[in-house]
file start-v5.txt (compact mmCIF, C-alpha atoms (C1' of nucleotides))
# COMPACT_ATOMS: atom_id res chain seq x y z
CA MET K 16 83.48 168.52 132.39
CA VAL K 17 85.88 166.00 130.93
CA ASP K 18 89.49 166.31 131.91
CA THR K 19 92.52 164.21 132.68
CA GLN K 20 91.65 163.71 136.34
CA ASN K 21 93.14 160.33 137.07
CA MET K 22 96.46 160.47 135.32
CA GLU K 23 99.03 162.16 137.53
CA LYS K 24 99.41 165.79 136.65
CA ASN K 25 102.88 166.90 135.66
CA THR K 26 104.65 169.41 137.85
CA ALA K 27 104.24 172.38 135.53
CA THR K 28 100.48 171.86 135.52
CA GLN K 29 100.40 171.51 139.29
CA ILE K 30 102.31 174.77 139.63
CA LEU K 31 99.88 176.53 137.32
CA ASP K 32 96.90 175.09 139.20
CA VAL K 33 98.18 176.26 142.56
CA ALA K 34 99.24 179.65 141.22
CA GLN K 35 95.84 180.13 139.60
CA GLU K 36 93.98 179.43 142.79
CA MET K 37 96.22 181.86 144.64
CA VAL K 38 95.96 184.69 142.14
CA ARG K 39 92.20 184.30 141.88
CA ASN K 40 91.96 184.41 145.65
CA ARG K 41 94.64 186.90 146.72
CA GLY K 42 95.89 188.70 143.64
CA TYR K 43 99.22 188.97 141.88
CA SER K 44 101.26 190.75 144.52
CA ALA K 45 100.08 188.60 147.40
CA PHE K 46 101.34 185.20 146.30
CA SER K 47 104.92 184.03 146.14
CA TYR K 48 107.11 181.23 144.82
CA ALA K 49 107.47 180.11 148.43
CA ASP K 50 103.69 179.70 148.70
CA ILE K 51 103.60 177.58 145.57
CA SER K 52 106.55 175.49 146.66
CA LYS K 53 104.82 174.57 149.92
CA GLN K 54 101.62 173.46 148.23
CA VAL K 55 103.20 171.59 145.34
CA GLY K 56 105.79 169.92 147.56
CA ILE K 57 108.79 171.04 145.57
CA ARG K 58 111.65 173.39 146.43
CA LYS K 59 111.26 177.04 145.58
CA ALA K 60 114.24 177.00 143.22
CA SER K 61 112.74 174.13 141.25
CA ILE K 62 109.81 176.27 140.19
CA HIS K 63 112.25 178.39 138.20
CA TYR K 64 113.05 175.31 136.14
CA HIS K 65 109.47 175.27 134.85
CA PHE K 66 108.80 179.01 134.80
CA SER K 67 111.89 181.16 134.65
CA THR K 68 110.30 184.22 136.28
CA LYS K 69 107.11 185.06 138.13
CA ASP K 70 106.01 187.23 135.23
CA GLU K 71 106.54 184.36 132.81
CA LEU K 72 104.48 182.11 135.06
CA VAL K 73 101.60 184.54 135.23
CA LYS K 74 101.74 185.12 131.48
CA GLU K 75 101.36 181.39 130.88
CA LEU K 76 98.61 181.34 133.48
CA VAL K 77 96.53 183.94 131.68
CA LYS K 78 97.08 182.21 128.35
CA ARG K 79 95.88 178.88 129.72
CA TYR K 80 92.95 180.55 131.47
CA ARG K 81 91.84 182.22 128.27
CA GLU K 82 91.98 178.94 126.40
CA ASP K 83 89.99 177.20 129.13
CA MET K 84 87.46 180.00 129.06
CA MET K 85 87.09 179.76 125.31
CA ARG K 86 86.56 176.01 125.56
CA ALA K 87 83.86 176.59 128.14
CA CYS K 88 82.21 179.15 125.86
CA ASP K 89 82.37 176.81 122.89
CA ARG K 90 80.71 174.13 124.96
CA ILE K 91 77.86 176.57 125.62
CA SER K 92 77.63 177.53 121.94
CA GLN K 93 77.51 173.94 120.85
CA SER K 94 74.93 172.94 123.41
CA SER K 95 71.33 172.68 122.31
CA LEU K 96 70.28 175.31 124.86
CA ASP K 97 68.07 178.23 123.89
CA LEU K 98 69.93 181.51 123.46
CA ASP K 99 68.57 183.02 126.67
CA GLN K 100 69.74 179.94 128.55
CA GLN K 101 73.16 180.30 126.98
CA VAL K 102 73.43 183.79 128.48
CA ILE K 103 72.54 182.29 131.86
CA GLN K 104 75.18 179.60 131.38
CA PHE K 105 77.76 182.27 130.66
CA ALA K 106 76.87 184.04 133.90
CA ASN K 107 77.08 180.71 135.69
CA LEU K 108 80.75 180.48 134.81
CA TYR K 109 81.25 183.47 137.08
CA ARG K 110 78.92 182.25 139.80
CA ASN K 111 80.66 178.89 140.01
CA GLY K 112 84.02 180.42 140.86
CA LEU K 113 82.51 182.23 143.81
CA GLU K 114 81.68 178.97 145.51
CA SER K 115 85.37 178.66 146.39
CA GLN K 116 86.01 182.41 146.79
CA GLN K 117 87.51 182.54 143.32
CA ILE K 118 87.31 185.74 141.30
CA CYS K 119 87.84 185.61 137.53
CA LEU K 120 91.61 185.48 137.04
CA CYS K 121 91.57 188.43 134.69
CA ALA K 122 89.31 190.54 136.90
CA MET K 123 91.83 190.00 139.65
CA LEU K 124 94.74 190.88 137.39
CA ALA K 125 92.83 193.89 136.08
CA ALA K 126 92.98 195.19 139.65
CA ASP K 127 96.74 194.54 139.71
CA TYR K 128 97.11 195.94 136.21
CA ALA K 129 99.40 198.83 137.18
CA VAL K 130 102.10 196.53 138.57
CA LEU K 131 102.04 193.95 135.76
CA PRO K 132 104.62 193.76 132.97
CA GLN K 133 103.51 194.65 129.47
CA SER K 134 103.47 191.02 128.34
CA VAL K 135 100.87 190.09 130.97
CA GLN K 136 98.88 193.25 130.31
CA ASN K 137 98.62 192.21 126.68
CA GLU K 138 97.37 188.74 127.58
CA ILE K 139 94.68 190.28 129.77
CA GLN K 140 93.54 192.61 127.03
CA THR K 141 93.27 189.65 124.70
CA PHE K 142 91.21 187.79 127.27
CA PHE K 143 88.68 190.58 127.56
CA GLN K 144 88.58 190.95 123.81
CA VAL K 145 87.78 187.30 123.08
CA ALA K 146 85.24 187.11 125.92
CA GLU K 147 83.53 190.23 124.67
CA ASP K 148 83.54 188.94 121.07
CA TRP K 149 81.98 185.66 122.07
CA LEU K 150 79.26 187.26 124.18
CA SER K 151 78.60 189.96 121.62
CA ASN K 152 78.03 187.28 119.02
CA LEU K 153 75.56 185.49 121.28
CA LEU K 154 73.65 188.67 122.05
CA GLN K 155 73.52 189.55 118.37
CA GLN K 156 72.02 186.16 117.57
CA GLY K 157 69.30 186.79 120.12
CA SER K 158 68.73 190.21 118.67
CA ASP K 159 68.47 188.80 115.13
CA ALA K 160 65.98 186.23 116.38
CA ARG K 161 64.00 189.08 117.98
CA LEU K 162 64.29 187.57 121.44
CA TRP K 163 65.60 190.86 122.77
CA THR K 164 67.04 194.12 121.54
CA CYS K 165 70.58 195.33 121.96
CA HIS K 166 70.95 198.92 122.89
CA PRO K 167 72.97 200.67 121.55
CA SER K 168 74.73 197.59 120.09
CA ALA K 169 75.44 193.95 120.91
CA ASP K 170 79.03 194.95 121.43
CA GLN K 171 78.25 197.57 124.05
CA GLU K 172 75.79 195.29 125.77
CA ALA K 173 78.42 192.57 125.93
CA LYS K 174 80.96 194.95 127.44
CA GLY K 175 78.43 196.12 130.00
CA LEU K 176 77.37 192.61 130.91
CA ILE K 177 80.92 191.41 131.43
CA ALA K 178 81.66 194.47 133.56
CA MET K 179 78.59 193.69 135.62
CA LEU K 180 79.61 190.06 136.11
CA GLN K 181 83.14 190.96 137.16
CA GLY K 182 81.94 193.66 139.52
CA ALA K 183 79.26 191.42 140.98
CA GLN K 184 81.84 188.74 141.72
CA LEU K 185 84.09 191.20 143.50
CA LEU K 186 81.28 192.72 145.49
CA ALA K 187 79.63 189.44 146.34
CA ARG K 188 82.78 187.94 147.76
CA SER K 189 82.86 190.48 150.57
CA GLN K 190 79.36 189.42 151.65
CA THR K 191 78.78 186.53 154.00
CA ASN K 192 76.71 184.62 151.48
CA SER K 193 78.63 185.27 148.29
CA THR K 194 76.78 183.02 145.88
CA ASP K 195 73.32 184.16 146.94
CA THR K 196 74.34 187.81 146.74
CA PHE K 197 75.75 187.25 143.27
CA GLU K 198 72.61 185.53 142.08
CA GLN K 199 70.35 188.24 143.47
CA MET K 200 72.45 190.89 141.78
CA VAL K 201 72.79 189.27 138.39
CA TYR K 202 69.95 186.95 137.47
CA PRO K 203 66.93 189.24 137.82
CA LEU K 204 68.60 191.79 135.58
CA LEU K 205 69.61 189.09 133.15
CA LYS K 206 66.12 187.68 132.96
CA ALA K 207 64.60 191.11 132.49
CA LYS K 208 66.91 191.93 129.64
CA PHE K 209 67.64 188.67 127.88
CA SER K 210 64.65 186.39 127.90
CA LYS K 211 62.23 185.11 125.35
CA PRO K 212 59.25 187.42 125.12
CA MET P 10 84.56 220.33 145.17
CA VAL P 11 85.42 222.47 148.16
CA ASP P 12 88.32 221.36 150.31
CA THR P 13 91.16 222.72 152.36
CA GLN P 14 93.50 223.16 149.40
CA ASN P 15 95.63 226.11 150.39
CA MET P 16 96.30 225.55 154.03
CA GLU P 17 99.26 223.21 154.47
CA LYS P 18 98.11 219.67 154.98
CA ASN P 19 99.31 217.95 158.10
CA THR P 20 101.52 214.92 157.75
CA ALA P 21 98.89 212.36 158.64
CA THR P 22 96.65 213.68 155.88
CA GLN P 23 99.51 213.67 153.40
CA ILE P 24 100.26 210.06 154.27
CA LEU P 25 96.63 209.11 153.78
CA ASP P 26 96.51 210.96 150.47
CA VAL P 27 99.58 209.23 149.11
CA ALA P 28 98.50 205.84 150.44
CA GLN P 29 95.07 206.27 148.90
CA GLU P 30 96.46 207.04 145.48
CA MET P 31 98.72 204.00 145.70
CA VAL P 32 96.06 201.57 146.86
CA ARG P 33 93.61 202.79 144.24
CA ASN P 34 96.27 202.36 141.59
CA ARG P 35 98.20 199.24 142.64
CA GLY P 36 96.26 197.53 145.41
CA TYR P 37 96.96 196.72 149.03
CA SER P 38 99.84 194.27 148.65
CA ALA P 39 101.73 196.33 146.11
CA PHE P 40 102.40 199.48 148.12
CA SER P 41 104.76 199.87 151.04
CA TYR P 42 105.75 202.23 153.81
CA ALA P 43 108.93 202.89 151.84
CA ASP P 44 106.86 204.08 148.87
CA ILE P 45 104.91 206.48 151.07
CA SER P 46 108.04 207.77 152.78
CA LYS P 47 109.61 208.70 149.44
CA GLN P 48 106.56 210.64 148.27
CA VAL P 49 105.80 212.41 151.53
CA GLY P 50 109.45 213.25 152.18
CA ILE P 51 109.56 211.70 155.60
CA ARG P 52 111.51 208.71 156.95
CA LYS P 53 109.83 205.34 156.84
CA ALA P 54 109.92 204.97 160.62
CA SER P 55 108.11 208.27 161.08
CA ILE P 56 105.01 206.92 159.38
CA HIS P 57 104.59 204.52 162.28
CA TYR P 58 104.21 207.51 164.55
CA HIS P 59 101.01 208.47 162.73
CA PHE P 60 99.75 205.00 161.86
CA SER P 61 101.14 202.26 164.05
CA THR P 62 100.69 199.46 161.49
CA LYS P 63 99.91 199.16 157.82
CA ASP P 64 96.58 197.57 158.64
CA GLU P 65 95.71 200.48 160.92
CA LEU P 66 96.60 202.90 158.14
CA VAL P 67 94.40 201.15 155.62
CA LYS P 68 91.54 200.93 158.09
CA GLU P 69 91.68 204.70 158.58
CA LEU P 70 91.93 205.10 154.84
CA VAL P 71 88.72 203.21 154.17
CA LYS P 72 86.94 205.08 156.93
CA ARG P 73 87.94 208.46 155.49
CA TYR P 74 87.08 207.32 151.98
CA ARG P 75 83.62 206.27 153.06
CA GLU P 76 83.02 209.61 154.72
CA ASP P 77 84.22 211.48 151.63
CA MET P 78 81.99 209.32 149.48
CA MET P 79 79.00 210.04 151.68
CA ARG P 80 79.69 213.76 151.51
CA ALA P 81 79.84 213.54 147.72
CA CYS P 82 76.55 211.66 147.69
CA ASP P 83 74.90 214.19 149.99
CA ARG P 84 76.04 216.96 147.69
CA ILE P 85 74.23 215.17 144.85
CA SER P 86 71.10 214.65 146.96
CA GLN P 87 71.01 218.29 147.96
CA SER P 88 71.56 219.59 144.45
CA SER P 89 68.59 220.75 142.49
CA LEU P 90 69.25 218.17 139.79
CA ASP P 91 66.50 215.93 138.47
CA LEU P 92 66.61 212.39 139.80
CA ASP P 93 67.83 210.89 136.53
CA GLN P 94 70.65 213.41 136.48
CA GLN P 95 71.52 212.47 140.05
CA VAL P 96 72.04 208.89 138.91
CA ILE P 97 74.36 210.16 136.22
CA GLN P 98 76.24 212.22 138.78
CA PHE P 99 76.70 209.14 140.91
CA ALA P 100 78.18 207.30 137.94
CA ASN P 101 80.40 210.30 137.28
CA LEU P 102 82.08 209.78 140.65
CA TYR P 103 83.42 206.54 139.24
CA ARG P 104 84.29 207.96 135.84
CA ASN P 105 86.28 210.82 137.34
CA GLY P 106 88.66 208.50 139.16
CA LEU P 107 89.53 206.76 135.92
CA GLU P 108 91.02 209.95 134.52
CA SER P 109 94.02 209.31 136.75
CA GLN P 110 93.88 205.51 136.60
CA GLN P 111 92.16 205.39 139.96
CA ILE P 112 89.83 202.55 140.81
CA CYS P 113 87.35 202.94 143.68
CA LEU P 114 89.36 202.27 146.83
CA CYS P 115 86.91 199.66 148.03
CA ALA P 116 86.70 197.89 144.68
CA MET P 117 90.46 197.57 144.84
CA LEU P 118 90.37 196.31 148.40
CA ALA P 119 87.54 193.94 147.51
CA ALA P 120 90.04 192.29 145.17
CA ASP P 121 92.57 192.07 148.00
CA TYR P 122 89.85 190.99 150.43
CA ALA P 123 91.38 187.59 151.22
CA VAL P 124 94.61 189.08 152.59
CA LEU P 125 93.03 191.88 154.63
CA PRO P 126 92.57 191.78 158.41
CA GLN P 127 89.06 191.51 159.77
CA SER P 128 88.97 195.16 160.85
CA VAL P 129 89.53 196.36 157.28
CA GLN P 130 87.11 193.81 155.86
CA ASN P 131 84.45 195.24 158.16
CA GLU P 132 85.10 198.79 156.99
CA ILE P 133 84.74 197.66 153.38
CA GLN P 134 81.45 195.94 154.06
CA THR P 135 80.19 199.11 155.69
CA PHE P 136 81.25 201.12 152.66
CA PHE P 137 79.29 198.95 150.28
CA GLN P 138 76.32 199.01 152.60
CA VAL P 139 76.09 202.78 152.83
CA ALA P 140 76.69 203.26 149.12
CA GLU P 141 73.99 200.76 148.32
CA ASP P 142 71.60 202.36 150.79
CA TRP P 143 72.09 205.80 149.33
CA LEU P 144 71.64 204.65 145.74
CA SER P 145 68.72 202.44 146.63
CA ASN P 146 67.00 205.43 148.18
CA LEU P 147 67.56 207.49 145.05
CA LEU P 148 66.26 204.75 142.78
CA GLN P 149 63.22 204.32 144.98
CA GLN P 150 62.45 208.02 144.73
CA GLY P 151 62.54 207.76 140.96
CA SER P 152 60.33 204.73 141.12
CA ASP P 153 57.82 206.51 143.37
CA ALA P 154 57.79 209.44 140.96
CA ARG P 155 57.14 206.96 138.12
CA LEU P 156 60.24 208.01 136.24
CA TRP P 157 61.33 204.38 136.02
CA THR P 158 60.55 201.02 137.56
CA CYS P 159 62.81 199.02 139.82
CA HIS P 160 62.90 195.34 139.13
CA PRO P 161 62.78 193.35 141.33
CA SER P 162 63.46 196.09 143.92
CA ALA P 163 65.33 199.37 144.30
CA ASP P 164 67.72 197.53 146.56
CA GLN P 165 68.62 194.90 143.99
CA GLU P 166 68.91 197.48 141.25
CA ALA P 167 71.26 199.51 143.42
CA LYS P 168 73.44 196.46 144.11
CA GLY P 169 73.55 195.63 140.41
CA LEU P 170 74.34 199.19 139.37
CA ILE P 171 77.21 199.50 141.84
CA ALA P 172 78.59 196.15 140.68
CA MET P 173 78.40 197.37 137.12
CA LEU P 174 80.21 200.61 137.93
CA GLN P 175 82.99 198.85 139.83
CA GLY P 176 83.41 196.25 137.09
CA ALA P 177 83.34 198.86 134.36
CA GLN P 178 86.08 200.80 136.10
CA LEU P 179 88.27 197.75 136.38
CA LEU P 180 87.69 196.68 132.81
CA ALA P 181 88.03 200.15 131.35
CA ARG P 182 91.39 200.76 132.94
CA SER P 183 92.97 197.98 130.92
CA GLN P 184 91.86 199.67 127.70
CA THR P 185 93.91 202.36 126.03
CA ASN P 186 91.15 204.94 126.31
CA SER P 187 89.82 204.23 129.76
CA THR P 188 87.36 207.06 130.17
CA ASP P 189 85.75 206.62 126.76
CA THR P 190 85.41 202.88 127.30
CA PHE P 191 83.81 203.47 130.66
CA GLU P 192 81.35 205.97 129.25
CA GLN P 193 80.39 203.71 126.37
CA MET P 194 79.84 200.84 128.77
CA VAL P 195 77.86 202.67 131.41
CA TYR P 196 75.92 205.65 130.13
CA PRO P 197 73.78 204.07 127.37
CA LEU P 198 72.60 201.46 129.84
CA LEU P 199 71.98 204.11 132.47
CA LYS P 200 69.99 206.28 130.11
CA ALA P 201 67.94 203.33 128.90
CA LYS P 202 67.05 202.32 132.41
CA PHE P 203 66.89 205.50 134.44
CA SER P 204 65.58 208.39 132.43
CA LYS P 205 62.47 210.47 132.44
CA PRO P 206 59.92 208.95 130.07
C1' DT C 5 126.14 144.57 125.60
C1' DG C 6 128.55 148.08 127.74
C1' DA C 7 130.53 152.75 127.94
C1' DC C 8 129.74 157.29 127.54
C1' DA C 9 127.12 161.57 126.91
C1' DT C 10 123.17 164.17 127.28
C1' DC C 11 118.85 165.58 129.19
C1' DT C 12 115.27 166.11 132.73
C1' DA C 13 113.81 167.40 137.03
C1' DC C 14 114.92 168.24 140.90
C1' DC C 15 118.13 169.63 145.00
C1' DT C 16 121.15 172.75 148.54
C1' DA C 17 123.04 176.97 149.42
C1' DC C 18 123.25 181.34 148.61
C1' DC C 19 122.26 186.51 147.25
C1' DA C 20 120.80 191.48 147.32
C1' DG C 21 117.12 194.02 148.20
C1' DA C 22 112.59 194.90 150.16
C1' DT C 23 109.18 194.18 153.83
C1' DG C 24 106.78 195.85 158.21
C1' DG C 25 108.23 197.06 162.53
C1' DT C 26 111.13 198.55 166.93
C1' DA C 27 114.35 201.18 170.10
C1' DG C 28 116.15 205.05 171.36
C1' DA C 29 118.08 209.69 170.39
C1' DT C 30 117.01 214.49 169.05
C1' DA C 31 115.04 218.68 167.94
C1' DC C 32 111.19 222.12 168.62
C1' DT C 33 107.22 224.17 170.89
C1' DC C 34 104.12 225.33 174.69
C1' DG W 10 109.76 219.74 181.66
C1' DA W 11 106.27 217.62 178.94
C1' DG W 12 104.53 216.58 174.62
C1' DT W 13 104.92 216.31 169.62
C1' DA W 14 107.11 214.96 165.55
C1' DT W 15 110.78 213.53 163.55
C1' DC W 16 115.30 211.17 163.04
C1' DT W 17 119.16 207.19 162.77
C1' DA W 18 120.10 202.59 163.23
C1' DC W 19 118.69 198.32 163.54
C1' DC W 20 115.94 193.74 163.19
C1' DA W 21 113.95 189.21 161.48
C1' DT W 22 111.63 187.71 157.75
C1' DC W 23 110.36 187.35 153.11
C1' DT W 24 111.06 188.46 148.11
C1' DG W 25 112.35 186.75 143.31
C1' DG W 26 116.26 184.92 141.48
C1' DT W 27 121.06 182.49 140.68
C1' DA W 28 124.93 179.05 140.85
C1' DG W 29 126.15 174.80 140.82
C1' DG W 30 125.48 170.03 141.96
C1' DT W 31 123.08 165.31 141.52
C1' DA W 32 120.25 161.14 140.66
C1' DG W 33 118.10 158.84 137.18
C1' DA W 34 116.28 158.20 132.62
C1' DT W 35 117.31 158.08 127.69
C1' DG W 36 119.99 157.95 123.62
C1' DT W 37 124.02 156.59 120.84
C1' DC W 38 127.55 154.13 118.96
C1' DA W 39 131.59 150.75 118.89
call {"tool": "encode", "arguments": {"input": "start-v5.txt", "output": "structure tokens"}}
result
Amino acid sequence: MVDTQNMEKNTATQILDVAQEMVRNRGYSAFSYADISKQVGIRKASIHYHFSTKDELVKELVKRYREDMMRACDRISQSSLDLDQQVIQFANLYRNGLESQQICLCAMLAADYAVLPQSVQNEIQTFFQVAEDWLSNLLQQGSDARLWTCHPSADQEAKGLIAMLQGAQLLARSQTNSTDTFEQMVYPLLKAKFSKP
Amino acid sequence: MVDTQNMEKNTATQILDVAQEMVRNRGYSAFSYADISKQVGIRKASIHYHFSTKDELVKELVKRYREDMMRACDRISQSSLDLDQQVIQFANLYRNGLESQQICLCAMLAADYAVLPQSVQNEIQTFFQVAEDWLSNLLQQGSDARLWTCHPSADQEAKGLIAMLQGAQLLARSQTNSTDTFEQMVYPLLKAKFSKP
DNA sequence: TGACATCTACCTACCAGATGGTAGATACTC
DNA sequence: GAGTATCTACCATCTGGTAGGTAGATGTCA
């Protein structure tokens, strides 16, 4: 993964990074401006300079997360991997987060959905939509190439697979060995369903 | 479902009922003693008489929920339904909650896992264990009867199925038509995998 | 070049309201 | 009188958010 590691991150980015880690770990209602301020090393009031309200901050967070996710997906698409391996790579995105107790940001916010403002709810819906579209496209390609069959449709399969990944993450985290549990839950099923005959 | 509808519920039960609805809808960090007090019609301080701390309340909540869940599962086991229909009935438990925007209590608390005290974390682990055991047993029966095959094991299939149901609930709730979305995600897959040949 | 104005990114000090929780009084029943 | 179930009144702490100030960088124009 290429990113701007060495150049000093600007404060807004640092705030988003810290907030993201907290939401993915604890959820929307369980993190505060005070928490962020401690970790970033800035006064609580200064955060409002960058993000006027908590809701605004989280909205930006989801937007950035979706864009990052799409970049990661594009990287998979543009790789030279076989289609079945691309499905595995997609699942790996979820497994990787677990290594630091991180649930998908939008899975976490889906749990907090009832207390989120409309604007954030919309961003989350968009996230699920683009993720589903991308995966559906991949599954359809495999279906066209007769590597597997989608039942009843690539779209439904994509929805189901994403649901499974999100649920597996959540469930796995409450086990002592999260990553192993996740792998045992997800990969056998994946290999049975989406592999070259 | 038979329960003690008509006889007046005692206060402790009312508190648990209200708390349960709130946690299943908003999560652990987003409900308060003040919220409960308003809905039950009792002063905030009085709740502490029945449940000394919030953590104690939630611990009791999970315990009761697990027992209710087990009773519901036993009712399915003891029905005269075919095994494939029993799997559907199990999935229905999750679908039904969605009708009132209710996520499985333990799926919700799995999201809040990082901020929960050890005692509640333990209760949640137990919940997942007993649910998995029950479902695993059912799937194994179907496998023994050659209605379907479990791959790689009934245990893994059970884990995966529960993950899928939890994830589907979470995802579906952020869609406008939650129940339909859930059904479209879950039932085709269920019928493809667990149905009489 | 120097004087001024504006902008950026932070700060201190505060606010009202909510949070979980406690102490102690008060009814009501057996 | 003892026990049960509730109340009022209070507490320290945390919540997101605001008001207003400040140091330093940058721009502008005579």
call {"tool": "closest_atom_pairs", "arguments": {"input": "start-v5.txt", "of": "chain K", "to": "chain C", "cutoff": "9 Å", "atoms": "all atoms listed in the file", "output": "JSON lines"}}
result
{"residue": "K:Ile57", "atom": "CA", "partner": "C:DC14", "partner_atom": "C1'", "distance": 8.2}
{"residue": "K:Arg58", "atom": "CA", "partner": "C:DC15", "partner_atom": "C1'", "distance": 7.6}
{"residue": "K:Ala60", "atom": "CA", "partner": "C:DC15", "partner_atom": "C1'", "distance": 8.5}
{"residue": "K:Ser61", "atom": "CA", "partner": "C:DC14", "partner_atom": "C1'", "distance": 6.3}
{"residue": "K:Tyr64", "atom": "CA", "partner": "C:DA13", "partner_atom": "C1'", "distance": 8.0}
call {"tool": "interface_residues", "arguments": {"input": "start-v5.txt", "of": "chain W", "to": "chain K", "cutoff": "8 Å", "atoms": "only C-alpha atoms (C1' of nucleotides)", "output": "number ranges by chain"}}
result
W: 24-26
call {"tool": "write_last_selection", "arguments": {"input": "start-v5.txt", "atoms": "C-alpha atoms (C1' of nucleotides)", "output": "PDB file, keeping the file's coordinate frame"}}
result
ATOM      1  C1'  DT W  24     111.060 188.460 148.110  1.00  0.00           C
ATOM      2  C1'  DG W  25     112.350 186.750 143.310  1.00  0.00           C
ATOM      3  C1'  DG W  26     116.260 184.920 141.480  1.00  0.00           C
TER       4       DG W  26
END
call {"tool": "atom_distance", "arguments": {"input": "start-v5.txt", "atom1": "atom CA of P:Glu69", "atom2": "atom CA of K:Arg41"}}
result
21.6 Å
call {"tool": "closest_residue", "arguments": {"input": "start-v5.txt", "among": "K:Asp99, K:Asp127, K:Asp195, K:Glu138", "to": "chain P", "atoms": "all atoms listed in the file"}}
result
K:Asp127
call {"tool": "atom_distance", "arguments": {"input": "start-v5.txt", "atom1": "atom CA of P:Lys68", "atom2": "atom CA of P:Val32"}}
result
12.1 Å
call {"tool": "closest_atom_pairs", "arguments": {"input": "start-v5.txt", "of": "chain P", "to": "chain K", "cutoff": "9 Å", "atoms": "all atoms listed in the file", "output": "JSON lines"}}
result
{"residue": "P:Arg33", "atom": "CA", "partner": "K:Ala126", "partner_atom": "CA", "distance": 8.9}
{"residue": "P:Asn34", "atom": "CA", "partner": "K:Ala129", "partner_atom": "CA", "distance": 6.5}
{"residue": "P:Arg35", "atom": "CA", "partner": "K:Ala129", "partner_atom": "CA", "distance": 5.6}
{"residue": "P:Gly36", "atom": "CA", "partner": "K:Asp127", "partner_atom": "CA", "distance": 6.5}
{"residue": "P:Tyr37", "atom": "CA", "partner": "K:Ser44", "partner_atom": "CA", "distance": 8.6}
{"residue": "P:Ser38", "atom": "CA", "partner": "K:Ser44", "partner_atom": "CA", "distance": 5.6}
{"residue": "P:Ala39", "atom": "CA", "partner": "K:Ser44", "partner_atom": "CA", "distance": 5.8}
{"residue": "P:Gln110", "atom": "CA", "partner": "K:Ala129", "partner_atom": "CA", "distance": 8.7}
{"residue": "P:Ile112", "atom": "CA", "partner": "K:Ala126", "partner_atom": "CA", "distance": 8.1}
{"residue": "P:Ala116", "atom": "CA", "partner": "K:Leu185", "partner_atom": "CA", "distance": 7.3}
{"residue": "P:Met117", "atom": "CA", "partner": "K:Ala126", "partner_atom": "CA", "distance": 6.2}
{"residue": "P:Ala119", "atom": "CA", "partner": "K:Leu185", "partner_atom": "CA", "distance": 6.0}
{"residue": "P:Ala120", "atom": "CA", "partner": "K:Met123", "partner_atom": "CA", "distance": 6.2}
{"residue": "P:Asp121", "atom": "CA", "partner": "K:Arg41", "partner_atom": "CA", "distance": 5.7}
{"residue": "P:Tyr122", "atom": "CA", "partner": "K:Ser189", "partner_atom": "CA", "distance": 7.0}
{"residue": "P:Ala123", "atom": "CA", "partner": "K:Arg41", "partner_atom": "CA", "distance": 5.6}
{"residue": "P:Val124", "atom": "CA", "partner": "K:Arg41", "partner_atom": "CA", "distance": 6.3}
{"residue": "P:Gln130", "atom": "CA", "partner": "K:Ser189", "partner_atom": "CA", "distance": 7.6}
{"residue": "P:Ile133", "atom": "CA", "partner": "K:Ser189", "partner_atom": "CA", "distance": 7.9}
{"residue": "P:Gln134", "atom": "CA", "partner": "K:Ser189", "partner_atom": "CA", "distance": 6.6}
{"residue": "P:Phe137", "atom": "CA", "partner": "K:Leu186", "partner_atom": "CA", "distance": 8.1}
{"residue": "P:His160", "atom": "CA", "partner": "K:Pro203", "partner_atom": "CA", "distance": 7.4}
{"residue": "P:Pro161", "atom": "CA", "partner": "K:Pro203", "partner_atom": "CA", "distance": 6.8}
{"residue": "P:Gln165", "atom": "CA", "partner": "K:Met200", "partner_atom": "CA", "distance": 6.0}
{"residue": "P:Glu166", "atom": "CA", "partner": "K:Met200", "partner_atom": "CA", "distance": 7.5}
{"residue": "P:Ala167", "atom": "CA", "partner": "K:Met200", "partner_atom": "CA", "distance": 8.9}
{"residue": "P:Lys168", "atom": "CA", "partner": "K:Met200", "partner_atom": "CA", "distance": 6.1}
{"residue": "P:Gly169", "atom": "CA", "partner": "K:Met200", "partner_atom": "CA", "distance": 5.1}
{"residue": "P:Leu170", "atom": "CA", "partner": "K:Met179", "partner_atom": "CA", "distance": 7.9}
{"residue": "P:Ile171", "atom": "CA", "partner": "K:Gly182", "partner_atom": "CA", "distance": 7.9}
{"residue": "P:Ala172", "atom": "CA", "partner": "K:Gly182", "partner_atom": "CA", "distance": 4.3}
{"residue": "P:Met173", "atom": "CA", "partner": "K:Met179", "partner_atom": "CA", "distance": 4.0}
{"residue": "P:Leu174", "atom": "CA", "partner": "K:Gly182", "partner_atom": "CA", "distance": 7.3}
{"residue": "P:Gln175", "atom": "CA", "partner": "K:Gly182", "partner_atom": "CA", "distance": 5.3}
{"residue": "P:Gly176", "atom": "CA", "partner": "K:Gly182", "partner_atom": "CA", "distance": 3.8}
{"residue": "P:Ala177", "atom": "CA", "partner": "K:Ala178", "partner_atom": "CA", "distance": 4.8}
{"residue": "P:Gln178", "atom": "CA", "partner": "K:Ala178", "partner_atom": "CA", "distance": 8.1}
{"residue": "P:Leu179", "atom": "CA", "partner": "K:Ala125", "partner_atom": "CA", "distance": 6.0}
{"residue": "P:Leu180", "atom": "CA", "partner": "K:Ala178", "partner_atom": "CA", "distance": 6.5}
{"residue": "P:Ala181", "atom": "CA", "partner": "K:Ala178", "partner_atom": "CA", "distance": 8.8}
{"residue": "P:Arg182", "atom": "CA", "partner": "K:Ala125", "partner_atom": "CA", "distance": 7.7}
{"residue": "P:Ser183", "atom": "CA", "partner": "K:Ala125", "partner_atom": "CA", "distance": 6.6}
{"residue": "P:Gln184", "atom": "CA", "partner": "K:Gln140", "partner_atom": "CA", "distance": 7.3}
{"residue": "P:Gln193", "atom": "CA", "partner": "K:Gln171", "partner_atom": "CA", "distance": 6.9}
{"residue": "P:Met194", "atom": "CA", "partner": "K:Gly175", "partner_atom": "CA", "distance": 5.1}
{"residue": "P:Val195", "atom": "CA", "partner": "K:Gly175", "partner_atom": "CA", "distance": 6.7}
{"residue": "P:Pro197", "atom": "CA", "partner": "K:Pro167", "partner_atom": "CA", "distance": 6.8}
{"residue": "P:Leu198", "atom": "CA", "partner": "K:His166", "partner_atom": "CA", "distance": 7.6}
{"residue": "P:Ala201", "atom": "CA", "partner": "K:His166", "partner_atom": "CA", "distance": 8.0}
